[in-house]
$ cat run_27.cif   # mmCIF, C-alpha atoms and all ligand atoms
data_run
loop_
_atom_site.label_atom_id
_atom_site.label_comp_id
_atom_site.auth_asym_id
_atom_site.auth_seq_id
_atom_site.Cartn_x
_atom_site.Cartn_y
_atom_site.Cartn_z
CA MET A 1 124.01 141.21 19.43
CA GLN A 2 122.09 139.74 22.37
CA PRO A 3 123.32 140.59 25.89
CA VAL A 4 125.07 137.77 27.76
CA LEU A 5 122.95 136.68 30.71
CA TRP A 6 124.76 134.46 33.22
CA ILE A 7 122.56 132.56 35.69
CA THR A 8 124.74 131.34 38.55
CA SER A 9 122.43 128.51 39.67
CA LYS A 10 120.30 125.90 37.96
CA LEU A 11 116.83 127.41 37.70
CA PRO A 12 113.75 125.67 36.25
CA ALA A 13 113.65 125.39 32.45
CA GLU A 14 110.19 126.98 32.24
CA VAL A 15 111.64 130.15 33.79
CA VAL A 16 114.90 130.19 31.83
CA GLU A 17 113.80 129.05 28.34
CA PRO A 18 111.67 132.12 27.44
CA LEU A 19 114.66 134.37 28.18
CA LYS A 20 116.58 132.76 25.33
CA THR A 21 114.57 134.81 22.83
CA TRP A 22 116.09 137.97 24.29
CA ALA A 23 119.49 137.06 25.65
CA ASP A 24 122.48 134.82 25.17
CA VAL A 25 121.69 132.72 28.25
CA ARG A 26 124.46 130.82 30.00
CA GLN A 27 123.65 128.83 33.12
CA TRP A 28 125.40 126.88 35.87
CA PRO A 29 124.38 123.35 34.90
CA THR A 30 123.81 121.39 38.09
CA LEU A 31 121.66 121.30 41.21
CA GLU A 32 124.18 119.08 43.00
CA GLU A 33 126.48 121.95 43.95
CA ASN A 34 126.47 125.73 43.79
CA MET A 35 128.74 127.65 41.48
CA PRO A 36 132.18 127.92 43.13
CA HIS A 37 133.51 131.41 43.71
CA GLU A 38 136.36 130.84 41.24
CA LYS A 39 133.81 130.12 38.52
CA LEU A 40 131.78 133.21 39.46
CA LYS A 41 134.96 135.28 39.05
CA GLU A 42 135.30 133.88 35.56
CA VAL A 43 131.71 134.20 34.35
CA ILE A 44 131.18 137.72 35.65
CA GLN A 45 133.77 138.87 33.11
CA GLU A 46 131.52 137.69 30.27
CA ALA A 47 128.18 138.87 31.63
CA GLU A 48 126.19 141.96 30.84
CA ILE A 49 123.40 140.67 33.08
CA ILE A 50 124.12 138.38 36.02
CA TRP A 51 121.38 136.55 37.92
CA THR A 52 122.78 135.62 41.32
CA ILE A 53 121.69 133.79 44.45
CA MET A 54 122.43 134.93 48.00
CA GLY A 55 125.48 132.65 48.33
CA ASP A 56 127.25 134.40 45.45
CA GLU A 57 129.65 136.95 46.85
CA VAL A 58 129.78 139.78 44.36
CA SER A 59 132.58 141.87 45.82
CA ARG A 60 134.09 145.14 44.63
CA GLU A 61 136.96 143.15 43.15
CA LEU A 62 134.54 141.09 41.04
CA ILE A 63 132.53 144.11 39.99
CA GLU A 64 135.69 145.91 38.92
CA SER A 65 136.80 142.90 36.90
CA ALA A 66 133.58 142.83 34.85
CA PRO A 67 133.93 145.09 31.80
CA ASN A 68 130.43 144.50 30.36
CA LEU A 69 128.37 144.14 33.52
CA LYS A 70 125.29 146.38 33.64
CA ILE A 71 122.84 144.70 36.01
CA ILE A 72 122.92 142.22 38.91
CA CYS A 73 119.60 140.53 39.74
CA ASN A 74 119.72 138.83 43.13
CA LEU A 75 117.28 136.02 43.89
CA ALA A 76 116.66 137.24 47.45
CA VAL A 77 115.35 140.25 49.28
CA GLY A 78 118.65 140.52 51.20
CA PHE A 79 121.62 141.85 49.25
CA ASN A 80 124.49 141.71 51.74
CA ASN A 81 126.28 139.40 49.27
CA ILE A 82 126.66 142.27 46.82
CA ASP A 83 128.85 145.33 47.17
CA VAL A 84 126.08 147.74 46.20
CA GLU A 85 128.31 150.76 46.75
CA ALA A 86 130.85 149.46 44.24
CA ALA A 87 128.08 148.56 41.78
CA THR A 88 126.57 152.05 42.06
CA GLU A 89 129.96 153.70 41.53
CA HIS A 90 130.30 151.72 38.31
CA GLY A 91 126.77 152.48 37.13
CA ILE A 92 125.64 148.87 37.61
CA ILE A 93 122.02 148.30 38.63
CA VAL A 94 121.30 145.90 41.51
CA THR A 95 117.83 144.38 41.94
CA ASN A 96 116.25 142.17 44.61
CA THR A 97 112.89 140.55 45.40
CA PRO A 98 111.06 142.62 48.03
CA GLY A 99 107.51 141.92 49.20
CA VAL A 100 106.83 138.54 47.65
CA LEU A 101 108.49 136.50 50.41
CA THR A 102 107.18 138.41 53.41
CA ASP A 103 104.46 136.00 54.54
CA THR A 104 106.41 132.87 53.76
CA THR A 105 109.38 134.04 55.82
CA ALA A 106 107.15 135.20 58.70
CA ASP A 107 105.53 131.73 58.67
CA LEU A 108 108.94 130.14 59.02
CA ALA A 109 109.95 132.45 61.88
CA PHE A 110 106.78 131.47 63.71
CA THR A 111 107.42 127.80 62.94
CA LEU A 112 110.87 128.11 64.51
CA MET A 113 109.38 129.76 67.61
CA LEU A 114 106.97 126.86 68.06
CA THR A 115 109.58 124.23 67.21
CA THR A 116 112.19 125.46 69.66
CA ALA A 117 109.73 126.23 72.45
CA ARG A 118 108.10 122.81 72.28
CA ARG A 119 111.34 120.87 71.63
CA ILE A 120 109.84 119.34 68.50
CA VAL A 121 113.04 118.24 66.76
CA GLU A 122 114.68 116.90 69.89
CA SER A 123 111.64 114.89 70.96
CA SER A 124 110.81 113.65 67.47
CA ASN A 125 114.41 112.46 67.07
CA LYS A 126 114.02 110.39 70.24
CA VAL A 127 110.99 108.67 68.77
CA LEU A 128 112.70 108.04 65.44
CA SER A 129 115.85 106.64 67.04
CA GLY A 130 113.90 104.23 69.24
CA GLU A 131 115.09 105.99 72.40
CA TRP A 132 111.61 106.94 73.63
CA ASN A 133 111.26 104.22 76.19
CA TYR A 134 109.30 105.74 79.05
CA TRP A 135 106.82 108.57 79.70
CA GLY A 136 107.98 111.14 82.28
CA VAL A 137 106.10 114.07 83.72
CA ASN A 138 108.68 116.63 82.61
CA GLN A 139 109.97 114.65 79.68
CA PHE A 140 110.47 116.97 76.69
CA ALA A 141 108.64 119.69 78.58
CA GLY A 142 109.06 123.00 76.79
CA MET A 143 108.01 126.60 77.06
CA ASP A 144 104.59 128.15 76.46
CA ILE A 145 104.05 130.47 73.56
CA PHE A 146 100.51 131.66 74.25
CA GLY A 147 100.47 134.94 76.19
CA LYS A 148 104.27 135.35 76.17
CA LYS A 149 106.30 138.41 75.18
CA LEU A 150 107.88 138.60 71.74
CA GLY A 151 110.65 141.04 70.87
CA ILE A 152 111.27 141.71 67.19
CA ILE A 153 114.61 143.23 66.24
CA GLY A 154 114.32 144.82 62.81
CA MET A 155 110.71 145.83 62.19
CA GLY A 156 110.28 145.77 58.44
CA ARG A 157 107.66 143.98 56.35
CA ILE A 158 108.52 140.51 57.70
CA GLY A 159 108.62 141.70 61.31
CA GLU A 160 105.15 143.20 60.92
CA ALA A 161 103.85 139.99 59.34
CA LEU A 162 105.19 138.00 62.30
CA ALA A 163 103.63 140.44 64.78
CA TYR A 164 100.30 139.98 63.01
CA ARG A 165 100.58 136.18 63.34
CA THR A 166 101.05 136.38 67.10
CA LYS A 167 97.62 137.93 67.67
CA GLY A 168 95.98 134.51 67.80
CA PHE A 169 98.52 133.55 70.46
CA ASN A 170 97.72 136.61 72.58
CA MET A 171 101.38 137.63 72.61
CA ASP A 172 102.62 140.97 73.79
CA VAL A 173 104.87 142.35 71.03
CA VAL A 174 107.68 144.87 71.44
CA TYR A 175 110.26 145.82 68.83
CA HIS A 176 113.57 147.51 68.25
CA ASN A 177 114.40 149.22 64.98
CA ARG A 178 116.63 151.97 63.61
CA ASN A 179 113.57 154.18 63.46
CA ARG A 180 110.17 154.09 65.12
CA LYS A 181 107.23 152.58 63.17
CA LEU A 182 104.43 154.70 64.58
CA GLU A 183 101.79 153.61 62.08
CA ALA A 184 102.52 149.93 62.68
CA GLU A 185 102.60 150.51 66.46
CA GLU A 186 99.08 151.83 66.25
CA LYS A 187 97.86 149.18 63.80
CA TYR A 188 99.17 146.19 65.74
CA GLY A 189 99.40 147.62 69.26
CA PHE A 190 103.06 146.90 69.83
CA SER A 191 105.61 149.21 71.40
CA TYR A 192 109.19 150.30 70.90
CA ARG A 193 112.09 149.31 73.16
CA GLU A 194 115.79 150.09 73.31
CA LEU A 195 117.74 146.97 72.40
CA ASP A 196 118.92 146.12 75.92
CA ASP A 197 115.43 146.54 77.38
CA LEU A 198 113.93 144.31 74.72
CA LEU A 199 116.52 141.62 75.40
CA LYS A 200 115.88 141.77 79.15
CA GLU A 201 112.08 141.61 78.90
CA CYS A 202 111.24 139.13 76.18
CA ASP A 203 110.49 135.41 76.15
CA PHE A 204 111.17 135.21 72.42
CA VAL A 205 113.61 137.40 70.53
CA VAL A 206 113.39 137.22 66.74
CA LEU A 207 115.95 138.83 64.43
CA PHE A 208 114.98 140.32 61.08
CA THR A 209 117.64 142.99 60.58
CA PRO A 210 119.65 143.01 57.37
CA LEU A 211 123.33 142.18 57.72
CA THR A 212 125.26 145.46 57.58
CA GLU A 213 128.44 146.82 59.21
CA GLU A 214 126.17 148.07 61.99
CA THR A 215 124.35 144.77 62.69
CA LYS A 216 127.28 142.40 62.17
CA GLY A 217 127.80 140.50 65.43
CA MET A 218 125.16 142.61 67.21
CA ILE A 219 124.10 139.64 69.36
CA GLY A 220 127.12 138.47 71.33
CA ALA A 221 127.90 137.29 74.87
CA ARG A 222 126.88 140.61 76.46
CA GLU A 223 123.48 140.68 74.73
CA LEU A 224 122.80 137.00 75.40
CA ALA A 225 123.59 137.54 79.08
CA LEU A 226 120.91 140.23 79.23
CA MET A 227 118.25 137.77 78.08
CA LYS A 228 116.09 135.69 80.44
CA LYS A 229 117.38 132.21 81.26
CA THR A 230 114.08 130.95 79.86
CA ALA A 231 114.29 132.99 76.63
CA ILE A 232 114.48 131.74 73.06
CA LEU A 233 116.45 133.42 70.26
CA ILE A 234 115.38 132.99 66.63
CA ASN A 235 117.45 134.11 63.64
CA VAL A 236 115.87 134.04 60.20
CA ALA A 237 117.77 137.10 58.97
CA ARG A 238 121.47 136.53 58.29
CA GLY A 239 124.08 134.42 60.04
CA GLY A 240 126.62 137.12 60.77
CA ILE A 241 124.23 139.04 63.03
CA VAL A 242 124.69 136.54 65.87
CA GLN A 243 128.15 135.63 67.16
CA GLU A 244 127.91 131.86 66.81
CA GLN A 245 130.57 130.95 69.39
CA ALA A 246 128.87 133.19 71.95
CA LEU A 247 125.51 131.58 71.16
CA TYR A 248 127.02 128.13 71.57
CA GLU A 249 128.40 129.07 75.02
CA ALA A 250 125.09 130.63 76.05
CA LEU A 251 123.05 127.57 75.05
CA LYS A 252 125.50 125.12 76.58
CA ASN A 253 125.71 127.00 79.87
CA ASP A 254 121.97 127.70 80.19
CA VAL A 255 122.39 131.45 79.80
CA ILE A 256 119.34 131.25 77.50
CA TRP A 257 116.98 128.34 77.05
CA ALA A 258 117.00 127.58 73.33
CA ALA A 259 117.66 129.00 69.88
CA GLY A 260 116.62 128.39 66.33
CA ALA A 261 118.42 129.51 63.19
CA ASP A 262 117.63 129.33 59.50
CA VAL A 263 120.85 131.17 58.67
CA PHE A 264 124.54 130.74 59.46
CA GLU A 265 127.76 132.65 59.06
CA LYS A 266 128.93 130.02 56.61
CA GLU A 267 126.34 128.21 54.50
CA PRO A 268 125.88 125.32 54.05
CA VAL A 269 126.79 125.06 57.73
CA PRO A 270 129.57 122.48 58.33
CA VAL A 271 128.20 119.37 60.05
CA ASP A 272 130.85 119.60 62.79
CA HIS A 273 129.70 123.11 63.76
CA PRO A 274 129.50 123.14 67.59
CA LEU A 275 125.94 124.55 67.59
CA LEU A 276 124.68 121.43 65.80
CA SER A 277 125.70 119.26 68.74
CA LEU A 278 123.28 120.99 71.13
CA PRO A 279 119.80 119.59 71.83
CA ASN A 280 118.42 123.08 72.51
CA PHE A 281 119.42 124.40 69.10
CA VAL A 282 117.25 123.93 65.99
CA ALA A 283 119.01 124.34 62.65
CA LEU A 284 117.37 124.86 59.27
CA PRO A 285 119.04 125.16 55.83
CA HIS A 286 118.06 128.76 54.93
CA ILE A 287 114.51 127.93 53.89
CA GLY A 288 112.81 131.18 54.98
CA SER A 289 111.34 131.85 51.56
CA ALA A 290 111.27 128.23 50.38
CA THR A 291 107.76 127.47 49.24
CA LEU A 292 107.15 126.57 45.62
CA ALA A 293 104.82 129.52 45.11
CA THR A 294 107.09 132.10 46.73
CA ARG A 295 110.27 130.93 45.02
CA ARG A 296 108.40 131.18 41.73
CA LYS A 297 107.31 134.74 42.55
CA MET A 298 110.92 135.63 43.39
CA MET A 299 112.13 134.23 40.06
CA ASP A 300 109.35 136.05 38.19
CA MET A 301 110.36 139.30 39.86
CA ASN A 302 113.96 138.83 38.72
CA VAL A 303 112.75 138.00 35.20
CA GLU A 304 110.71 141.21 35.21
CA SER A 305 113.87 143.17 36.11
CA ILE A 306 115.89 141.42 33.40
CA MET A 307 113.22 142.11 30.78
CA SER A 308 112.87 145.75 31.86
CA TYR A 309 116.62 146.13 31.44
CA ILE A 310 116.59 144.50 28.00
CA GLU A 311 113.62 146.55 26.86
CA LYS A 312 115.11 149.74 28.33
CA GLU A 313 112.13 150.26 30.61
CA GLU A 314 112.06 151.46 34.20
CA ILE A 315 113.44 148.78 36.58
CA LYS A 316 111.00 148.60 39.46
CA HIS A 317 112.96 146.52 41.94
CA SER A 318 116.29 148.29 41.78
CA ILE A 319 118.09 148.92 45.09
CA ASN A 320 120.48 151.62 43.83
C1 LIG A 401 116.26 136.49 51.22
O1 LIG A 401 115.47 136.63 50.30
O2 LIG A 401 117.04 137.36 51.57
C2 LIG A 401 116.24 135.18 51.92
O3 LIG A 401 117.17 135.11 52.92
C3 LIG A 401 116.47 134.09 50.93
O4 LIG A 401 115.31 133.70 50.40
#
$ encode --input "run_27.cif" --output "structure tokens"
Amino acid sequence: MQPVLWITSKLPAEVVEPLKTWADVRQWPTLEENMPHEKLKEVIQEAEIIWTIMGDEVSRELIESAPNLKIICNLAVGFNNIDVEAATEHGIIVTNTPGVLTDTTADLAFTLMLTTARRIVESSNKVLSGEWNYWGVNQFAGMDIFGKKLGIIGMGRIGEALAYRTKGFNMDVVYHNRNRKLEAEEKYGFSYRELDDLLKECDFVVLFTPLTEETKGMIGARELALMKKTAILINVARGGIVQEQALYEALKNDVIWAAGADVFEKEPVPVDHPLLSLPNFVALPHIGSATLATRRKMMDMNVESIMSYIEKEEIKHSIN
């Protein structure tokens, strides 16, 4: 009998169809909405293989309710949506998509730095709404990027790729990480800082840490108050790392100058979220890895894991 493969989102037919030779493929049918959690609870009980996206919360409770589940393939490099400890305890393999989205996500982080610093969304909106009715010397005046200091919190592959991009902008790069990256320090010429020192010194602070118990809420009112009044905070990692109410207060009260986020505590972010009302906040809909080529590579990597499982071969991208 073929293993039941549940795909929790609507993926392109050219990716899904070939799998039908090997598995009993069942798929969430629409692009209009994501699979509700109640439905996930139901389908996980049928699945031997489940192909999830980062919005699917695969908790211990769900894992323990899934009698046939053997492998969870997550269409993301981050895996905070999956209780990996529970999966491991139950002998369930968890896979992700490392490496293939590094450059694409670093590009987006840099885009957000430029966009927030130069007030691109705010000023473009004025043009589009017909409210650009005079030219003023400080109108839409932003912050420079060239020659400024960038602090990267969480120096993994994507952090390094961002550091590399800043060379052409003559930026001074410092970083904070759980452990020192001596090789990368030498290669790119950046240096290590304790978190508070990084926050105090930098013009741009970019977050790349995974969301864990340790990093949850790590940027709150105290940390924001340490930053320069002219500083910009960028989050392309996970929403829960920044305390959103504290960020709202900091932006509204000019504690920091601007912020950009591709990620939110709750996604899709509700349109009445206070942060969305601020002109110095740029919001994106979690598009860090969203280029056609990269999303395809991520899907291919998941397919490789699924096929390795089916063919009883070594699974290269397993987390546990
Ligand atoms: C990831 O891969 O973790 C991104 O956040 C989603 O593409």
$ atom_distance --input "run_27.cif" --atom1 "atom CA of A:Leu108" --atom2 "atom CA of A:His37"
29.0 Å
$ closest_residue --input "run_27.cif" --among "A:Ser123, A:Asn133, A:Asn81, A:Ser191" --to "ligand LIG 401 (chain A)" --atoms "all atoms listed in the file"
A:Asn81
$ residues_around --input "run_27.cif" --residues "stretch 152-162 of chain A" --least-positions-apart "5" --cutoff "8 Å" --atoms "all atoms listed in the file" --output "short mmCIF file (atom, residue, chain, number, x, y, z; two decimals) with C-alpha atoms, in the coordinates of the input"
data_model
loop_
_atom_site.label_atom_id
_atom_site.label_comp_id
_atom_site.auth_asym_id
_atom_site.auth_seq_id
_atom_site.Cartn_x
_atom_site.Cartn_y
_atom_site.Cartn_z
CA GLY A 99 107.51 141.92 49.20
CA THR A 102 107.18 138.41 53.41
CA ASP A 103 104.46 136.00 54.54
CA THR A 105 109.38 134.04 55.82
CA ALA A 106 107.15 135.20 58.70
CA ASP A 107 105.53 131.73 58.67
CA ALA A 109 109.95 132.45 61.88
CA PHE A 110 106.78 131.47 63.71
CA VAL A 173 104.87 142.35 71.03
CA VAL A 174 107.68 144.87 71.44
CA TYR A 175 110.26 145.82 68.83
CA HIS A 176 113.57 147.51 68.25
CA ASN A 177 114.40 149.22 64.98
CA ARG A 178 116.63 151.97 63.61
CA LYS A 181 107.23 152.58 63.17
CA ALA A 184 102.52 149.93 62.68
CA LEU A 195 117.74 146.97 72.40
CA VAL A 205 113.61 137.40 70.53
CA VAL A 206 113.39 137.22 66.74
CA LEU A 207 115.95 138.83 64.43
CA PHE A 208 114.98 140.32 61.08
CA THR A 209 117.64 142.99 60.58
CA PRO A 210 119.65 143.01 57.37
#
$ residues_near_ligand --input "run_27.cif" --ligand "ligand LIG 401 (chain A)" --cutoff "9 Å" --atoms "all atoms listed in the file" --output "number ranges by chain"
A: 53-54, 74-80, 96-98, 101, 105, 210, 236-238, 262-263, 286-290, 295, 298
$ closest_atom_pairs --input "run_27.cif" --of "stretch 65-173 of chain A" --to "stretch 273-283 of chain A" --cutoff "8 Å" --atoms "all atoms listed in the file" --output "JSON lines"
{"residue": "A:Leu112", "atom": "CA", "partner": "A:Val282", "partner_atom": "CA", "distance": 7.8}
{"residue": "A:Thr115", "atom": "CA", "partner": "A:Val282", "partner_atom": "CA", "distance": 7.8}
{"residue": "A:Thr116", "atom": "CA", "partner": "A:Val282", "partner_atom": "CA", "distance": 6.4}
{"residue": "A:Arg119", "atom": "CA", "partner": "A:Asn280", "partner_atom": "CA", "distance": 7.5}
{"residue": "A:Val121", "atom": "CA", "partner": "A:Val282", "partner_atom": "CA", "distance": 7.1}
{"residue": "A:Glu122", "atom": "CA", "partner": "A:Pro279", "partner_atom": "CA", "distance": 6.1}
$ closest_residue --input "run_27.cif" --among "A:Glu131, A:Tyr164, A:Ile82, A:Asp172" --to "A:Leu211" --atoms "all atoms listed in the file"
A:Ile82
$ residues_around --input "run_27.cif" --residues "A:Leu247" --least-positions-apart "2" --cutoff "9 Å" --atoms "only C-alpha atoms" --output "list of chain:residue names"
A:Ile219, A:Gly220, A:Ala221, A:Leu224, A:Val242, A:Gln243, A:Glu244, A:Gln245, A:Glu249, A:Ala250, A:Leu251, A:Lys252, A:Ile256, A:Ala259, A:Leu275
$ write_last_selection --input "run_27.cif" --atoms "C-alpha atoms" --output "JSON list (two decimals), in the coordinates of the input"
[["chain", "number", "residue", "atom", "x", "y", "z"],
["A", 219, "ILE", "CA", 124.10, 139.64, 69.36],
["A", 220, "GLY", "CA", 127.12, 138.47, 71.33],
["A", 221, "ALA", "CA", 127.90, 137.29, 74.87],
["A", 224, "LEU", "CA", 122.80, 137.00, 75.40],
["A", 242, "VAL", "CA", 124.69, 136.54, 65.87],
["A", 243, "GLN", "CA", 128.15, 135.63, 67.16],
["A", 244, "GLU", "CA", 127.91, 131.86, 66.81],
["A", 245, "GLN", "CA", 130.57, 130.95, 69.39],
["A", 249, "GLU", "CA", 128.40, 129.07, 75.02],
["A", 250, "ALA", "CA", 125.09, 130.63, 76.05],
["A", 251, "LEU", "CA", 123.05, 127.57, 75.05],
["A", 252, "LYS", "CA", 125.50, 125.12, 76.58],
["A", 256, "ILE", "CA", 119.34, 131.25, 77.50],
["A", 259, "ALA", "CA", 117.66, 129.00, 69.88],
["A", 275, "LEU", "CA", 125.94, 124.55, 67.59]]
$ atom_distance --input "run_27.cif" --atom1 "atom CA of A:Gly55" --atom2 "atom CA of A:Glu17"
23.4 Å
$ closest_residue --input "run_27.cif" --among "A:Arg222, A:Lys229, A:Lys70, A:Lys39" --to "A:Met143" --atoms "only C-alpha atoms"
A:Lys229
$ atom_distance --input "run_27.cif" --atom1 "atom CA of A:Ser308" --atom2 "atom CA of A:Pro36"
28.6 Å
$ closest_residue --input "run_27.cif" --among "A:His317, A:Lys149, A:Leu5, A:Val15" --to "A:Arg296" --atoms "only C-alpha atoms"
A:Val15
